[in-house]
>>> print(open('start11.cif').read())   # mmCIF, C-alpha atoms and all ligand atoms
data_target
#
loop_
_atom_site.label_atom_id
_atom_site.label_comp_id
_atom_site.auth_asym_id
_atom_site.auth_seq_id
_atom_site.Cartn_x
_atom_site.Cartn_y
_atom_site.Cartn_z
CA MET P 1180 0.00 0.00 0.00
CA PRO P 1181 1.48 3.36 -0.95
CA ALA P 1182 2.11 5.92 1.74
CA ASP P 1183 -0.74 8.18 0.62
CA ASP P 1184 -3.24 5.40 1.39
CA LEU P 1185 -1.86 5.32 4.90
CA ALA P 1186 -2.26 9.09 5.08
CA GLN P 1187 -5.86 8.86 3.90
CA ARG P 1188 -6.80 6.08 6.28
CA LEU P 1189 -5.16 7.89 9.16
CA LYS P 1190 -6.96 11.11 8.38
CA ALA P 1191 -10.33 9.37 8.08
CA LEU P 1192 -9.78 7.57 11.38
CA GLN P 1193 -8.60 10.65 13.22
CA GLY P 1194 -11.67 12.50 11.94
CA GLN P 1195 -13.90 9.92 13.61
CA LEU P 1196 -12.14 9.39 16.93
CA PRO P 1197 -13.25 11.61 19.81
CA PRO P 1198 -10.46 13.40 21.70
CA GLN P 1199 -10.44 10.93 24.61
CA ALA P 1200 -9.68 7.97 22.31
CA ARG P 1201 -6.02 7.88 21.47
CA LEU P 1202 -4.82 5.86 18.52
CA LEU P 1203 -2.37 3.03 19.11
CA ALA P 1204 -1.04 2.10 15.67
CA VAL P 1205 -0.64 -1.68 15.77
CA SER P 1206 2.46 -2.20 13.69
CA LYS P 1207 3.03 -5.95 14.21
CA GLY P 1208 3.63 -7.60 10.87
CA GLN P 1209 4.62 -4.28 9.26
CA PRO P 1210 8.20 -3.49 8.22
CA ALA P 1211 10.07 -0.61 9.85
CA VAL P 1212 9.71 1.48 6.70
CA ARG P 1213 5.93 1.55 7.22
CA LEU P 1214 6.38 2.81 10.77
CA ARG P 1215 8.70 5.48 9.44
CA GLU P 1216 5.90 6.63 7.11
CA ALA P 1217 3.49 6.65 10.03
CA VAL P 1218 5.89 8.73 12.13
CA ALA P 1219 6.20 11.20 9.26
CA LEU P 1220 2.40 11.52 9.41
CA GLY P 1221 2.55 12.36 13.10
CA LEU P 1222 2.02 8.99 14.80
CA ARG P 1223 4.16 8.26 17.87
CA SER P 1224 2.50 5.34 19.66
CA PHE P 1225 2.98 1.85 18.26
CA GLY P 1226 1.66 -1.51 19.42
CA GLU P 1227 3.69 -4.68 18.92
CA SER P 1228 3.02 -8.28 19.98
CA ARG P 1229 6.41 -9.90 19.66
CA LEU P 1230 9.51 -8.78 21.48
CA GLN P 1231 12.10 -9.73 18.86
CA GLU P 1232 10.18 -8.18 16.00
CA ALA P 1233 9.73 -4.96 17.96
CA GLN P 1234 13.40 -4.82 19.03
CA ALA P 1235 14.53 -5.10 15.42
CA LYS P 1236 12.28 -2.19 14.43
CA GLN P 1237 13.43 -0.11 17.38
CA VAL P 1238 17.02 -0.56 16.17
CA GLU P 1239 16.06 0.39 12.61
CA LEU P 1240 14.19 3.48 13.80
CA ALA P 1241 16.77 4.61 16.36
CA ASP P 1242 17.55 7.74 14.33
CA LEU P 1243 14.01 9.07 14.89
CA GLU P 1244 12.83 10.92 17.98
CA PRO P 1245 11.92 8.54 20.82
CA LEU P 1246 8.69 6.65 20.08
CA ASP P 1247 6.06 5.37 22.50
CA TRP P 1248 6.10 1.56 22.40
CA HIS P 1249 3.21 -0.53 23.74
CA PHE P 1250 3.36 -4.30 24.18
CA ILE P 1251 0.00 -5.87 23.32
CA GLY P 1252 0.79 -9.57 22.78
CA ARG P 1253 0.71 -12.54 25.10
CA LEU P 1254 3.63 -12.13 27.45
CA GLN P 1255 5.58 -15.26 28.31
CA ALA P 1256 7.39 -15.21 31.64
CA ASN P 1257 10.82 -15.60 30.03
CA LYS P 1258 10.25 -12.45 27.96
CA ALA P 1259 9.30 -10.25 30.91
CA ARG P 1260 12.69 -8.56 31.29
CA GLY P 1261 13.05 -7.85 27.58
CA VAL P 1262 9.54 -6.45 27.35
CA LEU P 1263 10.19 -4.20 30.33
CA ARG P 1264 13.38 -2.89 28.76
CA HIS P 1265 11.79 -2.18 25.38
CA PHE P 1266 8.25 -0.99 26.14
CA GLY P 1267 6.87 1.83 28.26
CA THR P 1268 3.35 0.41 28.39
CA ILE P 1269 2.15 -3.20 28.66
CA HIS P 1270 -1.49 -3.93 27.73
CA SER P 1271 -1.50 -7.68 28.30
CA VAL P 1272 -0.93 -8.38 32.00
CA ASP P 1273 -3.20 -11.40 32.28
CA GLY P 1274 -2.42 -13.01 35.65
CA LEU P 1275 -1.07 -12.44 39.15
CA ALA P 1276 2.12 -14.48 38.68
CA LEU P 1277 3.06 -12.39 35.63
CA ALA P 1278 2.23 -9.15 37.45
CA GLU P 1279 4.47 -10.13 40.37
CA ARG P 1280 7.29 -11.15 38.08
CA LEU P 1281 7.07 -7.83 36.24
CA GLN P 1282 7.08 -6.03 39.58
CA ARG P 1283 10.24 -7.78 40.75
CA ILE P 1284 12.13 -7.24 37.50
CA ALA P 1285 10.97 -3.62 37.11
CA ALA P 1286 12.33 -2.91 40.60
CA GLU P 1287 15.70 -4.45 39.66
CA GLU P 1288 15.80 -2.51 36.40
CA GLN P 1289 14.51 0.72 37.96
CA LEU P 1290 11.67 0.99 35.47
CA SER P 1291 8.07 2.17 36.01
CA PRO P 1292 6.02 0.99 33.05
CA ARG P 1293 2.32 1.67 32.71
CA LEU P 1294 0.18 -1.46 32.88
CA PHE P 1295 -3.19 -2.56 31.69
CA PHE P 1296 -4.77 -5.66 33.18
CA GLN P 1297 -6.27 -7.82 30.46
CA VAL P 1298 -9.78 -8.94 31.34
CA LYS P 1299 -11.92 -11.63 29.86
CA LEU P 1300 -15.57 -10.62 30.10
CA ARG P 1301 -17.06 -13.43 28.01
CA SER P 1302 -15.86 -16.99 27.61
CA ASP P 1303 -13.32 -17.12 24.79
CA PRO P 1304 -11.18 -20.25 24.55
CA GLY P 1305 -8.41 -18.57 22.56
CA LYS P 1306 -7.87 -15.70 24.98
CA THR P 1307 -6.30 -15.24 28.38
CA GLY P 1308 -7.10 -12.63 31.01
CA PHE P 1309 -8.50 -12.07 34.47
CA GLU P 1310 -12.14 -12.92 35.03
CA PRO P 1311 -13.90 -9.90 36.58
CA ARG P 1312 -14.51 -11.64 39.93
CA GLU P 1313 -10.88 -12.76 40.08
CA LEU P 1314 -9.66 -9.24 39.35
CA GLU P 1315 -11.81 -7.87 42.18
CA GLN P 1316 -10.57 -10.52 44.61
CA LEU P 1317 -6.93 -9.90 43.71
CA TRP P 1318 -7.33 -6.14 43.67
CA PRO P 1319 -5.72 -5.43 47.07
CA ARG P 1320 -2.57 -7.10 45.70
CA LEU P 1321 -2.79 -5.79 42.11
CA ARG P 1322 -3.29 -2.18 43.10
CA ALA P 1323 0.01 -2.21 44.99
CA LEU P 1324 2.54 -3.22 42.37
CA GLU P 1325 5.05 -0.37 42.70
CA PRO P 1326 7.16 0.47 40.76
CA LEU P 1327 4.68 -0.70 38.12
CA VAL P 1328 1.94 1.83 37.39
CA PRO P 1329 -1.47 0.19 36.78
CA VAL P 1330 -3.51 2.57 34.63
CA GLY P 1331 -6.39 0.64 33.15
CA LEU P 1332 -8.06 -2.44 31.75
CA MET P 1333 -7.63 -4.00 28.34
CA THR P 1334 -10.05 -6.35 26.65
CA ILE P 1335 -10.46 -8.15 23.33
CA ALA P 1336 -14.01 -8.90 22.17
CA PRO P 1337 -14.52 -12.51 21.04
CA LEU P 1338 -15.15 -12.99 17.34
CA GLY P 1339 -18.73 -13.49 16.22
CA LEU P 1340 -20.51 -11.01 18.51
CA GLU P 1341 -23.08 -8.60 17.10
CA ALA P 1342 -22.38 -4.87 17.41
CA ASP P 1343 -24.81 -4.45 20.32
CA GLN P 1344 -23.22 -7.39 22.17
CA ARG P 1345 -19.78 -5.86 21.66
CA LEU P 1346 -21.03 -2.54 22.94
CA ARG P 1347 -22.34 -4.21 26.11
CA LEU P 1348 -19.06 -6.05 26.60
CA PHE P 1349 -17.08 -2.82 26.32
CA GLN P 1350 -19.50 -1.06 28.67
CA ASP P 1351 -19.00 -3.90 31.20
CA CYS P 1352 -15.25 -3.36 30.92
CA ALA P 1353 -15.66 0.38 31.46
CA ALA P 1354 -17.84 -0.20 34.53
CA LEU P 1355 -15.31 -2.63 36.01
CA ALA P 1356 -12.45 -0.19 35.47
CA ALA P 1357 -14.45 2.63 37.06
CA SER P 1358 -15.25 0.44 40.08
CA LEU P 1359 -11.51 -0.14 40.58
CA GLY P 1360 -10.63 3.52 40.07
CA LEU P 1361 -8.74 2.87 36.82
CA GLY P 1362 -9.08 5.64 34.23
CA GLU P 1363 -7.74 4.08 31.05
CA LEU P 1364 -9.48 1.60 28.73
CA SER P 1365 -7.61 -0.24 25.98
CA MET P 1366 -10.52 -1.43 23.86
CA GLY P 1367 -11.34 -1.63 20.18
CA MET P 1368 -9.54 -2.94 17.10
CA SER P 1369 -10.06 -2.46 13.34
CA ASN P 1370 -13.38 -4.30 13.31
CA ASP P 1371 -14.95 -3.05 16.52
CA TRP P 1372 -13.48 0.30 17.51
CA PRO P 1373 -16.73 2.28 17.00
CA GLU P 1374 -18.47 0.32 19.79
CA ALA P 1375 -15.38 0.55 22.00
CA VAL P 1376 -15.26 4.31 21.54
CA ARG P 1377 -18.97 4.61 22.37
CA ALA P 1378 -18.23 2.75 25.60
CA GLY P 1379 -15.43 5.18 26.52
CA SER P 1380 -12.24 3.63 25.16
CA THR P 1381 -9.14 5.75 25.74
CA TRP P 1382 -6.82 3.66 23.53
CA VAL P 1383 -8.01 2.02 20.34
CA ARG P 1384 -5.52 -0.57 19.02
CA ILE P 1385 -5.77 -0.41 15.24
CA GLY P 1386 -3.64 -2.36 12.79
CA SER P 1387 -5.14 -3.50 9.50
CA ALA P 1388 -7.60 -0.59 9.14
CA LEU P 1389 -4.57 1.69 9.14
CA PHE P 1390 -1.72 -0.23 7.52
CA GLY P 1391 -3.66 -2.74 5.43
CA GLU P 1392 -2.91 -6.44 5.52
CA ARG P 1393 -0.05 -7.71 7.67
CA LEU P 1394 2.89 -9.60 6.15
C1 LIG U 1401 -3.26 -7.51 16.24
C2 LIG U 1401 -3.91 -6.88 17.41
C3 LIG U 1401 -4.66 -5.71 17.26
C4 LIG U 1401 -4.92 -5.03 15.93
O1 LIG U 1401 -5.75 -5.82 15.15
P1 LIG U 1401 -6.40 -5.23 13.80
O2 LIG U 1401 -7.60 -6.08 13.61
O3 LIG U 1401 -5.40 -5.39 12.72
O4 LIG U 1401 -6.74 -3.81 14.05
C5 LIG U 1401 -5.19 -5.14 18.41
N1 LIG U 1401 -5.02 -5.70 19.63
C6 LIG U 1401 -4.31 -6.82 19.80
C7 LIG U 1401 -4.17 -7.39 21.17
C8 LIG U 1401 -3.75 -7.46 18.70
O5 LIG U 1401 -3.06 -8.59 18.88
#
>>> encode(input="start11.cif", output="structure tokens")
Amino acid sequence: MPADDLAQRLKALQGQLPPQARLLAVSKGQPAVRLREAVALGLRSFGESRLQEAQAKQVELADLEPLDWHFIGRLQANKARGVLRHFGTIHSVDGLALAERLQRIAAEEQLSPRLFFQVKLRSDPGKTGFEPRELEQLWPRLRALEPLVPVGLMTIAPLGLEADQRLRLFQDCAALAASLGLGELSMGMSNDWPEAVRAGSTWVRIGSALFGERL
């Protein structure tokens, strides 16, 4: 896809997003040159799901001003240190053991990344995350993860829901975050961001609707 298509898609998207919904450009599967085009168009925040792929792009883009890297993929325990070193925000903290590991390593590394807890609001065999009840039970522990900085909840809607069902799911996520005093909501992807935004999303994670098909 030529760069002007990216410019057009970005402009159209930005015209539709309300001010509270920031755009996380999901650049997994896109070569560094595409991110460079996106940076030239004013984007700064990029979402990646694999540590090695992201590290390679960070090296290739090291001549640019510092970018805002968000980790959105499933985080294996053995990648925790690398992810902490290479990302300022982690959207996919899906269990207590991982949260505690990140806390320990962040303290060693003197890092204070922003965290989203991933929640699973409907049964979805392919996805991980805290169940709402579990998150509430663990909250006394999860709210005290210094030097980590919990900022919000992240969710992924299961495939196959109707728009009104997705809207309700995102509203449930927003209500849960509000009940825990968390202000940020990482919700909405290329196919469902309008419902997520209606429910109050503060970070939409958009890949293919911006960059086109992934490699
Ligand atoms: C890939 C991915 C996205 C972006 O998906 P698109 O459908 O391309 O917008 C968003 N969130 C997560 C967690 C992803 O893995």
>>> residues_near_ligand(input="start11.cif", ligand="ligand LIG 1401 (chain U)", cutoff="9 Å", atoms="only C-alpha atoms and all ligand atoms", output="PDB file with C-alpha atoms, in the frame of the given file")
ATOM      1  CA  LEU P1203      -2.370   3.030  19.110  1.00  0.00           C
ATOM      2  CA  ALA P1204      -1.040   2.100  15.670  1.00  0.00           C
ATOM      3  CA  VAL P1205      -0.640  -1.680  15.770  1.00  0.00           C
ATOM      4  CA  SER P1206       2.460  -2.200  13.690  1.00  0.00           C
ATOM      5  CA  LYS P1207       3.030  -5.950  14.210  1.00  0.00           C
ATOM      6  CA  GLY P1208       3.630  -7.600  10.870  1.00  0.00           C
ATOM      7  CA  GLY P1226       1.660  -1.510  19.420  1.00  0.00           C
ATOM      8  CA  GLU P1227       3.690  -4.680  18.920  1.00  0.00           C
ATOM      9  CA  SER P1228       3.020  -8.280  19.980  1.00  0.00           C
ATOM     10  CA  PHE P1250       3.360  -4.300  24.180  1.00  0.00           C
ATOM     11  CA  ILE P1251       0.000  -5.870  23.320  1.00  0.00           C
ATOM     12  CA  GLY P1252       0.790  -9.570  22.780  1.00  0.00           C
ATOM     13  CA  ARG P1253       0.710 -12.540  25.100  1.00  0.00           C
ATOM     14  CA  HIS P1270      -1.490  -3.930  27.730  1.00  0.00           C
ATOM     15  CA  SER P1271      -1.500  -7.680  28.300  1.00  0.00           C
ATOM     16  CA  MET P1333      -7.630  -4.000  28.340  1.00  0.00           C
ATOM     17  CA  THR P1334     -10.050  -6.350  26.650  1.00  0.00           C
ATOM     18  CA  ILE P1335     -10.460  -8.150  23.330  1.00  0.00           C
ATOM     19  CA  SER P1365      -7.610  -0.240  25.980  1.00  0.00           C
ATOM     20  CA  MET P1366     -10.520  -1.430  23.860  1.00  0.00           C
ATOM     21  CA  GLY P1367     -11.340  -1.630  20.180  1.00  0.00           C
ATOM     22  CA  MET P1368      -9.540  -2.940  17.100  1.00  0.00           C
ATOM     23  CA  SER P1369     -10.060  -2.460  13.340  1.00  0.00           C
ATOM     24  CA  ASN P1370     -13.380  -4.300  13.310  1.00  0.00           C
ATOM     25  CA  ASP P1371     -14.950  -3.050  16.520  1.00  0.00           C
ATOM     26  CA  TRP P1372     -13.480   0.300  17.510  1.00  0.00           C
ATOM     27  CA  VAL P1383      -8.010   2.020  20.340  1.00  0.00           C
ATOM     28  CA  ARG P1384      -5.520  -0.570  19.020  1.00  0.00           C
ATOM     29  CA  ILE P1385      -5.770  -0.410  15.240  1.00  0.00           C
ATOM     30  CA  GLY P1386      -3.640  -2.360  12.790  1.00  0.00           C
ATOM     31  CA  SER P1387      -5.140  -3.500   9.500  1.00  0.00           C
ATOM     32  CA  ALA P1388      -7.600  -0.590   9.140  1.00  0.00           C
ATOM     33  CA  LEU P1389      -4.570   1.690   9.140  1.00  0.00           C
ATOM     34  CA  PHE P1390      -1.720  -0.230   7.520  1.00  0.00           C
ATOM     35  CA  GLY P1391      -3.660  -2.740   5.430  1.00  0.00           C
ATOM     36  CA  GLU P1392      -2.910  -6.440   5.520  1.00  0.00           C
ATOM     37  CA  ARG P1393      -0.050  -7.710   7.670  1.00  0.00           C
TER      38      ARG P1393
END
>>> closest_residue(input="start11.cif", among="P:Leu1275, P:Leu1220, P:Leu1317, P:Ala1375", to="P:Ala1336", atoms="all atoms listed in the file")
P:Ala1375
>>> atom_distance(input="start11.cif", atom1="atom CA of P:Leu1254", atom2="atom CA of P:Arg1347")
27.2 Å
>>> residues_around(input="start11.cif", residues="P:Leu1314", least_positions_apart="6", cutoff="12 Å", atoms="all atoms listed in the file", output="JSON, numbers by chain")
{"P": [1272, 1273, 1274, 1275, 1296, 1297, 1298, 1299, 1300, 1308, 1320, 1321, 1322, 1332, 1352, 1355, 1356, 1358, 1359]}
>>> residues_around(input="start11.cif", residues="stretch 1256-1266 of chain P", least_positions_apart="4", cutoff="12 Å", atoms="all atoms listed in the file", output="mmCIF file with C-alpha atoms, in the coordinates of the input")
data_model
loop_
_atom_site.group_PDB
_atom_site.id
_atom_site.type_symbol
_atom_site.label_atom_id
_atom_site.label_comp_id
_atom_site.auth_asym_id
_atom_site.auth_seq_id
_atom_site.Cartn_x
_atom_site.Cartn_y
_atom_site.Cartn_z
ATOM 1 C CA SER P 1224 2.500 5.340 19.660
ATOM 2 C CA PHE P 1225 2.980 1.850 18.260
ATOM 3 C CA GLY P 1226 1.660 -1.510 19.420
ATOM 4 C CA GLU P 1227 3.690 -4.680 18.920
ATOM 5 C CA SER P 1228 3.020 -8.280 19.980
ATOM 6 C CA ARG P 1229 6.410 -9.900 19.660
ATOM 7 C CA LEU P 1230 9.510 -8.780 21.480
ATOM 8 C CA GLN P 1231 12.100 -9.730 18.860
ATOM 9 C CA GLU P 1232 10.180 -8.180 16.000
ATOM 10 C CA ALA P 1233 9.730 -4.960 17.960
ATOM 11 C CA GLN P 1234 13.400 -4.820 19.030
ATOM 12 C CA ALA P 1235 14.530 -5.100 15.420
ATOM 13 C CA LYS P 1236 12.280 -2.190 14.430
ATOM 14 C CA GLN P 1237 13.430 -0.110 17.380
ATOM 15 C CA VAL P 1238 17.020 -0.560 16.170
ATOM 16 C CA PRO P 1245 11.920 8.540 20.820
ATOM 17 C CA LEU P 1246 8.690 6.650 20.080
ATOM 18 C CA ASP P 1247 6.060 5.370 22.500
ATOM 19 C CA TRP P 1248 6.100 1.560 22.400
ATOM 20 C CA HIS P 1249 3.210 -0.530 23.740
ATOM 21 C CA PHE P 1250 3.360 -4.300 24.180
ATOM 22 C CA ILE P 1251 0.000 -5.870 23.320
ATOM 23 C CA GLY P 1252 0.790 -9.570 22.780
ATOM 24 C CA HIS P 1270 -1.490 -3.930 27.730
ATOM 25 C CA SER P 1271 -1.500 -7.680 28.300
ATOM 26 C CA VAL P 1272 -0.930 -8.380 32.000
ATOM 27 C CA ASP P 1273 -3.200 -11.400 32.280
ATOM 28 C CA GLY P 1274 -2.420 -13.010 35.650
ATOM 29 C CA LEU P 1275 -1.070 -12.440 39.150
ATOM 30 C CA ALA P 1276 2.120 -14.480 38.680
ATOM 31 C CA LEU P 1277 3.060 -12.390 35.630
ATOM 32 C CA ALA P 1278 2.230 -9.150 37.450
ATOM 33 C CA GLU P 1279 4.470 -10.130 40.370
ATOM 34 C CA ARG P 1280 7.290 -11.150 38.080
ATOM 35 C CA LEU P 1281 7.070 -7.830 36.240
ATOM 36 C CA GLN P 1282 7.080 -6.030 39.580
ATOM 37 C CA ARG P 1283 10.240 -7.780 40.750
ATOM 38 C CA ILE P 1284 12.130 -7.240 37.500
ATOM 39 C CA ALA P 1285 10.970 -3.620 37.110
ATOM 40 C CA ALA P 1286 12.330 -2.910 40.600
ATOM 41 C CA GLU P 1287 15.700 -4.450 39.660
ATOM 42 C CA GLU P 1288 15.800 -2.510 36.400
ATOM 43 C CA GLN P 1289 14.510 0.720 37.960
ATOM 44 C CA LEU P 1290 11.670 0.990 35.470
ATOM 45 C CA SER P 1291 8.070 2.170 36.010
ATOM 46 C CA PRO P 1292 6.020 0.990 33.050
ATOM 47 C CA ARG P 1293 2.320 1.670 32.710
ATOM 48 C CA LEU P 1294 0.180 -1.460 32.880
ATOM 49 C CA PRO P 1326 7.160 0.470 40.760
ATOM 50 C CA LEU P 1327 4.680 -0.700 38.120
#
>>> closest_residue(input="start11.cif", among="P:Glu1325, P:Arg1213, P:Val1330, P:Pro1311", to="P:Ile1269", atoms="only C-alpha atoms")
P:Val1330
>>> atom_distance(input="start11.cif", atom1="atom CA of P:Gln1316", atom2="atom CA of P:Gly1362")
19.3 Å
>>> atom_distance(input="start11.cif", atom1="atom CA of P:Gln1199", atom2="atom CA of P:Thr1381")
5.5 Å
>>> closest_residue(input="start11.cif", among="P:Asp1184, P:Pro1319, P:Pro1337, P:Leu1324", to="P:Lys1306", atoms="all atoms listed in the file")
P:Pro1337
>>> closest_residue(input="start11.cif", among="P:Glu1244, P:Leu1364, P:Arg1301, P:Phe1309", to="P:Leu1340", atoms="all atoms listed in the file")
P:Arg1301
>>> closest_residue(input="start11.cif", among="P:Pro1198, P:Ser1380, P:Val1328, P:Asp1242", to="P:Ala1353", atoms="all atoms listed in the file")
P:Ser1380
>>> build_atoms(input="start11.cif", residues="stretch 1365-1379 of chain P", atoms="N, CA and C atoms", output="mmCIF file, in the frame of the given file")
data_model
loop_
_atom_site.group_PDB
_atom_site.id
_atom_site.type_symbol
_atom_site.label_atom_id
_atom_site.label_comp_id
_atom_site.auth_asym_id
_atom_site.auth_seq_id
_atom_site.Cartn_x
_atom_site.Cartn_y
_atom_site.Cartn_z
ATOM 1 N N SER P 1365 -8.186 0.179 27.246
ATOM 2 C CA SER P 1365 -7.610 -0.240 25.980
ATOM 3 C C SER P 1365 -8.596 -1.184 25.316
ATOM 4 N N MET P 1366 -9.429 -0.647 24.437
ATOM 5 C CA MET P 1366 -10.520 -1.430 23.860
ATOM 6 C C MET P 1366 -10.743 -0.969 22.423
ATOM 7 N N GLY P 1367 -10.989 -1.942 21.549
ATOM 8 C CA GLY P 1367 -11.340 -1.630 20.180
ATOM 9 C C GLY P 1367 -10.192 -1.894 19.226
ATOM 10 N N MET P 1368 -10.498 -2.611 18.150
ATOM 11 C CA MET P 1368 -9.540 -2.940 17.100
ATOM 12 C C MET P 1368 -10.186 -2.520 15.762
ATOM 13 N N SER P 1369 -9.561 -2.922 14.654
ATOM 14 C CA SER P 1369 -10.060 -2.460 13.340
ATOM 15 C C SER P 1369 -11.548 -2.748 13.142
ATOM 16 N N ASN P 1370 -12.000 -3.903 13.618
ATOM 17 C CA ASN P 1370 -13.380 -4.300 13.310
ATOM 18 C C ASN P 1370 -14.403 -3.847 14.346
ATOM 19 N N ASP P 1371 -13.954 -3.355 15.483
ATOM 20 C CA ASP P 1371 -14.950 -3.050 16.520
ATOM 21 C C ASP P 1371 -14.681 -1.759 17.281
ATOM 22 N N TRP P 1372 -13.801 -0.904 16.745
ATOM 23 C CA TRP P 1372 -13.480 0.300 17.510
ATOM 24 C C TRP P 1372 -14.664 1.254 17.698
ATOM 25 N N PRO P 1373 -15.640 1.323 16.738
ATOM 26 C CA PRO P 1373 -16.730 2.280 17.000
ATOM 27 C C PRO P 1373 -17.508 1.968 18.288
ATOM 28 N N GLU P 1374 -17.762 0.677 18.552
ATOM 29 C CA GLU P 1374 -18.470 0.320 19.790
ATOM 30 C C GLU P 1374 -17.598 0.610 21.008
ATOM 31 N N ALA P 1375 -16.297 0.319 20.869
ATOM 32 C CA ALA P 1375 -15.380 0.550 22.000
ATOM 33 C C ALA P 1375 -15.326 2.038 22.348
ATOM 34 N N VAL P 1376 -15.307 2.867 21.320
ATOM 35 C CA VAL P 1376 -15.260 4.310 21.540
ATOM 36 C C VAL P 1376 -16.559 4.794 22.190
ATOM 37 N N ARG P 1377 -17.678 4.235 21.744
ATOM 38 C CA ARG P 1377 -18.970 4.610 22.370
ATOM 39 C C ARG P 1377 -18.974 4.247 23.853
ATOM 40 N N ALA P 1378 -18.273 3.181 24.200
ATOM 41 C CA ALA P 1378 -18.230 2.750 25.600
ATOM 42 C C ALA P 1378 -17.146 3.479 26.397
ATOM 43 N N GLY P 1379 -16.395 4.370 25.761
ATOM 44 C CA GLY P 1379 -15.430 5.180 26.520
ATOM 45 C C GLY P 1379 -13.978 4.780 26.377
#
